[in-house]
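Report on the structure given below.
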2 protein chains.
Amino acid sequence: MPPVLGVIRETAPGETRVALLPEHLKKALAPVKGGPPGWAGVVQAGAGERAFAFDDAYRAAGAEVVPDADAVAARCDVLLAVGPPGADLIGSMKPGGVLLGLLDPAGGGDHLQACAERGVTAIAFERLPRITRAQKADVLSSMSTAAGYRAVLRAAALCPKFFPMMMTAAGTITPSRVLVLGAGVAGLQAIATARRLGAIVEAYDVRAAAREQVLSLGARFVDLGGVSSDAETAGGYAREQSAEEQARQREALAGVIAEADVVITTALIPGKPAPRLIDAATVERMRPGAVVVDLAAPAGGNCELTEPGATVERGGVRIDGPVNLPAELPVDASRMFGQNALAFLEELRDDGAVRVDLDNDMVGPACVVHAGELRLDAARAAPSPAPTEEAPS
Amino acid sequence: MPPVLGVIRETAPGETRVALLPEHLKKALAPVKGGPPGWAGVVQAGAGERAFAFDDAYRAAGAEVVPDADAVAARCDVLLAVGPPGADLIGSMKPGGVLLGLLDPAGGGDHLQACAERGVTAIAFERLPRITRAQKADVLSSMSTAAGYRAVLRAAALCPKFFPMMMTAAGTITPSRVLVLGAGVAGLQAIATARRLGAIVEAYDVRAAAREQVLSLGARFVDLGGVSSDAETAGGYAREQSAEEQARQREALAGVIAEADVVITTALIPGKPAPRLIDAATVERMRPGAVVVDLAAPAGGNCELTEPGATVERGGVRIDGPVNLPAELPVDASRMFGQNALAFLEELRDDGAVRVDLDNDMVGPACVVHAGELRLDAARAAPSPAPTEEAPS
């Protein structure tokens, strides 16, 4: 009997993604020549429909479609989920089974405790180390790519001006000025997308190394004139800055922000509240019609006025606080999630069986519950497990 | 006393544009050296606020701000409006005054009759001839440019996939396929914007001459294999096709439409219902998640399922029927409108005074009411007055 992969319908409000599309299951179910036998697949009815992947397509890929999530949980050896499932569902899983997904290990939900109690191994993509061979499974980067792209579409939709320059018989329309704060994966994708649309783009990051990447995308790197010191960690992420550093930076950035038509903020420090980059006084200096899209909304926002899940207006400036941008791109976000998940699944096979090898340099750091124990600190202490500076949104 | 320009706050639902921004009034009010003296300006309070142009800015430009539209109408020699004002307001205008705007001369509203009764001259931008020297005043083209750009933003927002190709560590995400039907000004702008965003773009137009323009934007021209005959009028617009031609074309296009992730339709024949390019059976052949943005929605739609002002879903295909896309871009749409309007105003000056010269090759064709008489047929019969194939949206 091949081991069984389970796919459920996500239950978080507004979620549209599914952990595996039929195209991924088809690959997973096929035995690799010279490799381990394929998986079997059990999929909850309706699991992919919000990503336009319907039950028939899962059946055609070779999976069995069952009516409810409990039936999936009870039958599978590895349960794939985009976001954390409820503790009840985990209680239906086989002891010794594996739960794999974006499990929000820093969020304090009760699902990890439920895994420990049930003897389920929990593997959180958030804790995947940033090593080269783990890149193919890097869900956080994939989702940040989707978030950066969608952030620009939202900003362009809210902006009362063209992004590109327009030459008309009556005169020239100047392009919009877009400022991107934070040049991690989401920020770089936002820069690239805003450039594609023809905007003039500037970007800022506390990590000096981001400069070259920003320039290579055709954007200007904002120089705060010695105000900022380099704040890159050994793992390549932004470290938290002191209150004084943050205040100086905020002050220096305010003038640049005031000139922008659009500001997209992406600054997140893992496990901490989002750094405050834009305070209410700076919003007042912005011109009416300007737009802020705050990707840090789920972590409290980079802008003081951000309300998660809403678009608010202050003095003609619209501040948008999206909480799940990848869910706005259900097909391709699911496609990337599934590609990453398939890559990770290869690390969980030992010939025919599922095996959790804590010495595996991808599995060990990402494993947050095993054999009845929470491993949150163990995972943190593992080599290069630094979580990213960008939320999975 | 210089002649007086009047600007009102538009009253159509969802309208955000204003006919002149403060930057335009500033230009209009300044006397041109060696030319006629400048205008005076009277602006209704709040006229520009939805385009982020506030009363203080109009005052700073030299205009007088008055509390209501009637006061503007009573004082001005030329009243500028984006859309047709109500008959009541026209009744407040000075006899002999001029009303200039997108006056919907084919729409059958009672405002033109009101102009005739009041002795007001009505000049409709829709009737501007397509001659080279009139291009600087071509409001329809400007608004179609805005509409084409915004149509792509709406399509990208509704599309569950990336427009551009994405290279990731786990694999490649293929770009979206965008099909643009109708390659007039709005269609060409839609092609250019979708190409900017990285989509694979195809386009079709009944006018053979559109082919080169489509190719020059990096899109593929859809060849229906001899099904279509050239349907260009002498004025460069699309002529109405026979029912049989339309049916053959619809059939041949259905296969192309079924392969698209996004279809943007822009086909309009002036004064006629929009041609039906996509019937319900074709929508059924489209894949779930596909998107139709129908710019012909105000004229009944190019798609059988379009509902003006709404986004409907059928079998996972979303059909969007926007009715005023330029209003989604209030600052730049107003900027273009104002630039065009300023250019036209030069045709209405004779030294210090306002003069309607029906022999002027811009003024004559566009003048739809003069000296108490409707001139709808006269304007139609004038040389090259052909209205465009695209709605002003």
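Labeling convention for the structure tokens: chains A, B, ... as they appear, residues from 1 per chain, ligands from 1 in order of appearance.
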
Distance limit 7 Å, atoms considered: only C-alpha atoms. Which chain A residues sit that close to chain B? Return them as a list of chain:residue names.
A:Phe52, A:Gln135, A:Lys136, A:Ala137, A:Leu153, A:Ala157, A:Pro160, A:Lys161, A:Phe162, A:Ala169, A:Ala170, A:Arg196, A:Leu197, A:Pro288, A:Gly289, A:Glu328, A:Leu329, A:Pro330, A:Val331, A:Asp332, A:Gln339, A:Asn340

Atoms to include: N, CA and C atoms. Write the selected residues as a compact mmCIF listing (two decimals), in the first residue's frame.
# COMPACT_ATOMS: atom_id res chain seq x y z
N PHE A 52 -10.68 26.92 -8.91
CA PHE A 52 -11.17 26.42 -10.19
C PHE A 52 -10.64 25.02 -10.51
N GLN A 135 15.22 25.88 -1.49
CA GLN A 135 14.50 26.94 -2.23
C GLN A 135 13.31 26.40 -3.01
N LYS A 136 13.43 25.18 -3.51
CA LYS A 136 12.33 24.63 -4.33
C LYS A 136 11.08 24.36 -3.49
N ALA A 137 11.24 24.35 -2.17
CA ALA A 137 10.10 24.13 -1.29
C ALA A 137 9.71 25.40 -0.52
N LEU A 153 -1.31 45.56 -8.14
CA LEU A 153 -2.61 45.65 -8.80
C LEU A 153 -3.60 46.43 -7.94
N ALA A 157 -5.22 50.05 -8.91
CA ALA A 157 -6.68 50.19 -8.95
C ALA A 157 -7.13 51.37 -8.08
N PRO A 160 -5.67 57.31 -8.59
CA PRO A 160 -6.49 58.08 -9.53
C PRO A 160 -5.72 58.54 -10.77
N LYS A 161 -4.49 58.07 -10.91
CA LYS A 161 -3.65 58.45 -12.04
C LYS A 161 -3.17 57.21 -12.79
N PHE A 162 -2.75 57.40 -14.04
CA PHE A 162 -2.05 56.34 -14.76
C PHE A 162 -0.76 55.97 -14.03
N ALA A 169 -2.10 63.71 -27.87
CA ALA A 169 -2.02 64.84 -28.78
C ALA A 169 -2.09 66.16 -28.02
N ALA A 170 -2.72 66.12 -26.83
CA ALA A 170 -2.90 67.36 -26.08
C ALA A 170 -1.81 67.60 -25.06
N ARG A 196 6.99 47.29 -14.55
CA ARG A 196 6.32 46.78 -15.75
C ARG A 196 5.19 47.72 -16.18
N LEU A 197 4.44 48.20 -15.19
CA LEU A 197 3.30 49.07 -15.49
C LEU A 197 3.74 50.50 -15.84
N PRO A 288 -3.54 64.47 -1.39
CA PRO A 288 -4.83 63.80 -1.58
C PRO A 288 -4.80 62.97 -2.86
N GLY A 289 -5.36 61.78 -2.80
CA GLY A 289 -5.32 60.87 -3.94
C GLY A 289 -4.19 59.86 -3.84
N GLU A 328 -5.94 36.16 -3.48
CA GLU A 328 -6.53 36.86 -4.63
C GLU A 328 -6.04 36.28 -5.95
N LEU A 329 -5.14 35.33 -5.87
CA LEU A 329 -4.54 34.73 -7.07
C LEU A 329 -4.66 33.21 -6.94
N PRO A 330 -5.89 32.71 -6.75
CA PRO A 330 -6.03 31.33 -6.27
C PRO A 330 -5.37 30.28 -7.14
N VAL A 331 -5.44 30.42 -8.47
CA VAL A 331 -4.89 29.37 -9.32
C VAL A 331 -3.37 29.32 -9.20
N ASP A 332 -2.72 30.45 -9.42
CA ASP A 332 -1.25 30.41 -9.44
C ASP A 332 -0.66 30.32 -8.04
N GLN A 339 3.68 23.11 -6.01
CA GLN A 339 5.03 22.78 -6.50
C GLN A 339 6.01 22.72 -5.33
N ASN A 340 5.91 23.69 -4.42
CA ASN A 340 6.78 23.70 -3.25
C ASN A 340 6.52 22.49 -2.36

From a backbone DSSP assignment, name each residue in stretch 126-316 of chain B labelled strand (DSSP E or B), as a CSV table (one decimal) with N, CA and C atoms, in the first residue's frame.
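Once written, selection01.csv looks like this:
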chain,number,residue,atom,x,y,z
B,166,MET,N,6.3,33.7,-14.5
B,166,MET,CA,7.0,33.8,-13.2
B,166,MET,C,8.0,32.6,-13.2
B,167,MET,N,9.3,32.9,-13.0
B,167,MET,CA,10.2,31.8,-12.9
B,167,MET,C,10.5,31.6,-11.4
B,168,THR,N,10.2,30.4,-10.9
B,168,THR,CA,10.5,30.2,-9.5
B,168,THR,C,11.4,29.0,-9.3
B,171,GLY,N,9.6,25.9,-10.3
B,171,GLY,CA,9.1,25.7,-11.7
B,171,GLY,C,8.6,27.0,-12.3
B,172,THR,N,8.2,26.9,-13.5
B,172,THR,CA,7.8,28.2,-14.2
B,172,THR,C,6.2,28.3,-14.2
B,173,ILE,N,5.7,29.5,-14.0
B,173,ILE,CA,4.3,29.8,-14.1
B,173,ILE,C,4.1,30.4,-15.5
B,177,ARG,N,-3.1,34.4,-21.0
B,177,ARG,CA,-3.4,34.7,-22.4
B,177,ARG,C,-4.5,35.7,-22.4
B,178,VAL,N,-4.3,36.9,-23.0
B,178,VAL,CA,-5.3,38.0,-23.1
B,178,VAL,C,-5.7,38.2,-24.5
B,179,LEU,N,-7.0,38.2,-24.8
B,179,LEU,CA,-7.5,38.4,-26.1
B,179,LEU,C,-8.3,39.7,-26.1
B,180,VAL,N,-7.9,40.6,-27.0
B,180,VAL,CA,-8.6,41.9,-27.1
B,180,VAL,C,-9.4,42.0,-28.4
B,181,LEU,N,-10.7,42.2,-28.3
B,181,LEU,CA,-11.5,42.2,-29.5
B,181,LEU,C,-11.9,43.7,-29.8
B,200,ILE,N,0.6,37.2,-22.6
B,200,ILE,CA,0.6,36.9,-24.0
B,200,ILE,C,-0.7,37.5,-24.6
B,201,VAL,N,-0.6,38.4,-25.6
B,201,VAL,CA,-1.8,39.1,-26.0
B,201,VAL,C,-2.1,38.8,-27.5
B,202,GLU,N,-3.3,38.6,-27.8
B,202,GLU,CA,-3.8,38.4,-29.1
B,202,GLU,C,-4.9,39.5,-29.3
B,203,ALA,N,-5.2,39.9,-30.6
B,203,ALA,CA,-6.2,40.9,-30.8
B,203,ALA,C,-6.9,40.6,-32.2
B,204,TYR,N,-8.1,41.1,-32.3
B,204,TYR,CA,-8.8,41.0,-33.5
B,204,TYR,C,-9.6,42.3,-33.8
B,220,ARG,N,-0.3,39.4,-31.1
B,220,ARG,CA,-0.6,38.6,-32.3
B,220,ARG,C,-1.9,39.0,-32.9
B,221,PHE,N,-2.0,39.1,-34.2
B,221,PHE,CA,-3.3,39.5,-34.8
B,221,PHE,C,-4.0,38.2,-35.1
B,232,GLU,N,-13.8,48.5,-42.8
B,232,GLU,CA,-13.5,49.9,-42.4
B,232,GLU,C,-14.2,50.9,-43.2
B,238,ALA,N,-15.1,51.3,-37.8
B,238,ALA,CA,-15.7,50.1,-38.2
B,238,ALA,C,-17.1,50.3,-38.7
B,262,VAL,N,-8.3,35.8,-20.4
B,262,VAL,CA,-8.9,37.1,-20.3
B,262,VAL,C,-9.4,37.5,-21.7
B,263,VAL,N,-10.6,38.0,-21.8
B,263,VAL,CA,-11.1,38.6,-23.0
B,263,VAL,C,-11.5,40.0,-22.7
B,264,ILE,N,-11.0,41.0,-23.4
B,264,ILE,CA,-11.4,42.4,-23.3
B,264,ILE,C,-12.1,42.8,-24.6
B,265,THR,N,-13.4,43.2,-24.5
B,265,THR,CA,-14.1,43.5,-25.8
B,265,THR,C,-14.3,45.0,-25.8
B,278,ILE,N,-19.6,37.5,-28.3
B,278,ILE,CA,-19.5,36.4,-27.5
B,278,ILE,C,-20.9,36.0,-27.0
B,291,VAL,N,-12.0,35.4,-17.6
B,291,VAL,CA,-12.6,36.7,-17.3
B,291,VAL,C,-12.9,37.4,-18.6
B,292,VAL,N,-14.1,38.0,-18.6
B,292,VAL,CA,-14.4,38.9,-19.8
B,292,VAL,C,-14.6,40.3,-19.2
B,293,VAL,N,-14.0,41.3,-19.7
B,293,VAL,CA,-14.3,42.7,-19.4
B,293,VAL,C,-14.8,43.3,-20.7
B,294,ASP,N,-16.1,43.7,-20.6
B,294,ASP,CA,-16.9,44.1,-21.7
B,294,ASP,C,-17.0,45.7,-21.7
B,303,CYS,N,-20.8,40.9,-25.1
B,303,CYS,CA,-21.1,39.5,-24.6
B,303,CYS,C,-22.6,39.4,-24.3
B,311,THR,N,-20.6,42.7,-12.2
B,311,THR,CA,-19.8,41.5,-12.6
B,311,THR,C,-20.6,40.3,-12.3
B,312,VAL,N,-20.9,39.5,-13.3
B,312,VAL,CA,-21.7,38.3,-13.2
B,312,VAL,C,-20.8,37.1,-13.4
B,313,GLU,N,-21.2,35.9,-12.9
B,313,GLU,CA,-20.4,34.7,-13.0
B,313,GLU,C,-21.3,33.7,-13.7
B,314,ARG,N,-20.7,32.9,-14.6
B,314,ARG,CA,-21.4,31.8,-15.2
B,314,ARG,C,-20.5,30.7,-15.4

Per DSSP on the backbone, what are the helix (DSSP H, G or I) residues of stretch 81-259 of chain A, as a PyMOL selection string?
chain A and resi 87-91+111-118+125-127+132-137+139-158+185-196+210-216+243-258

Polymer residues at most 7 Å from A:Val369, only C-alpha atoms, same-chain spacing of 4 or more positions, as number ranges by chain:
A: 112, 115-116, 121-122, 373-375

Would you kindly return, as a CSV table (one decimal) with N, CA and C atoms, in the first residue's frame, each protein, DNA or RNA residue with an atom no farther than 6 Å from any atom of stretch 280-285 of chain B, considering only C-alpha atoms and excluding same-chain residues fewer than 5 positions away?
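Output below, filename out_27.csv:
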chain,number,residue,atom,x,y,z
B,254,ALA,N,-15.0,31.9,-31.6
B,254,ALA,CA,-15.3,31.1,-30.3
B,254,ALA,C,-14.2,30.3,-29.9
B,258,ALA,N,-12.3,30.6,-26.3
B,258,ALA,CA,-12.2,29.5,-25.4
B,258,ALA,C,-10.9,29.2,-24.8
B,304,GLU,N,-23.2,38.3,-24.6
B,304,GLU,CA,-24.6,38.1,-24.4
B,304,GLU,C,-24.9,38.2,-22.9

With a distance cut-off of 12 Å and only C-alpha atoms, select the neighbouring residues of A:Gln249, excluding the residue or stretch itself and same-chain residues fewer than 5 positions from it, and output the selection as a VMD selection string.
chain A and resid 181 204 to 206 222 to 229 241 to 244 254 to 257 275 to 279

Go through A:Ala124, A:Ala371, A:Leu217, A:Ile90 one by one, measure the shortest atom-to-atom distance of each to A:His111 using only C-alpha atoms, and give the residue with the smallest value.
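That would be A:Ile90, the residue with the smallest distance to A:His111.
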
May I have the residues within 7 Å of stretch 101-106 of chain A as an MDAnalysis selection string, using only C-alpha atoms and disregarding those fewer than 2 positions away in the same chain?
chainID A and resid 80:84 99 108 123:126 271

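One finds atom CA of B:Arg127 at 18.9 Å from atom CA of B:Ala296.
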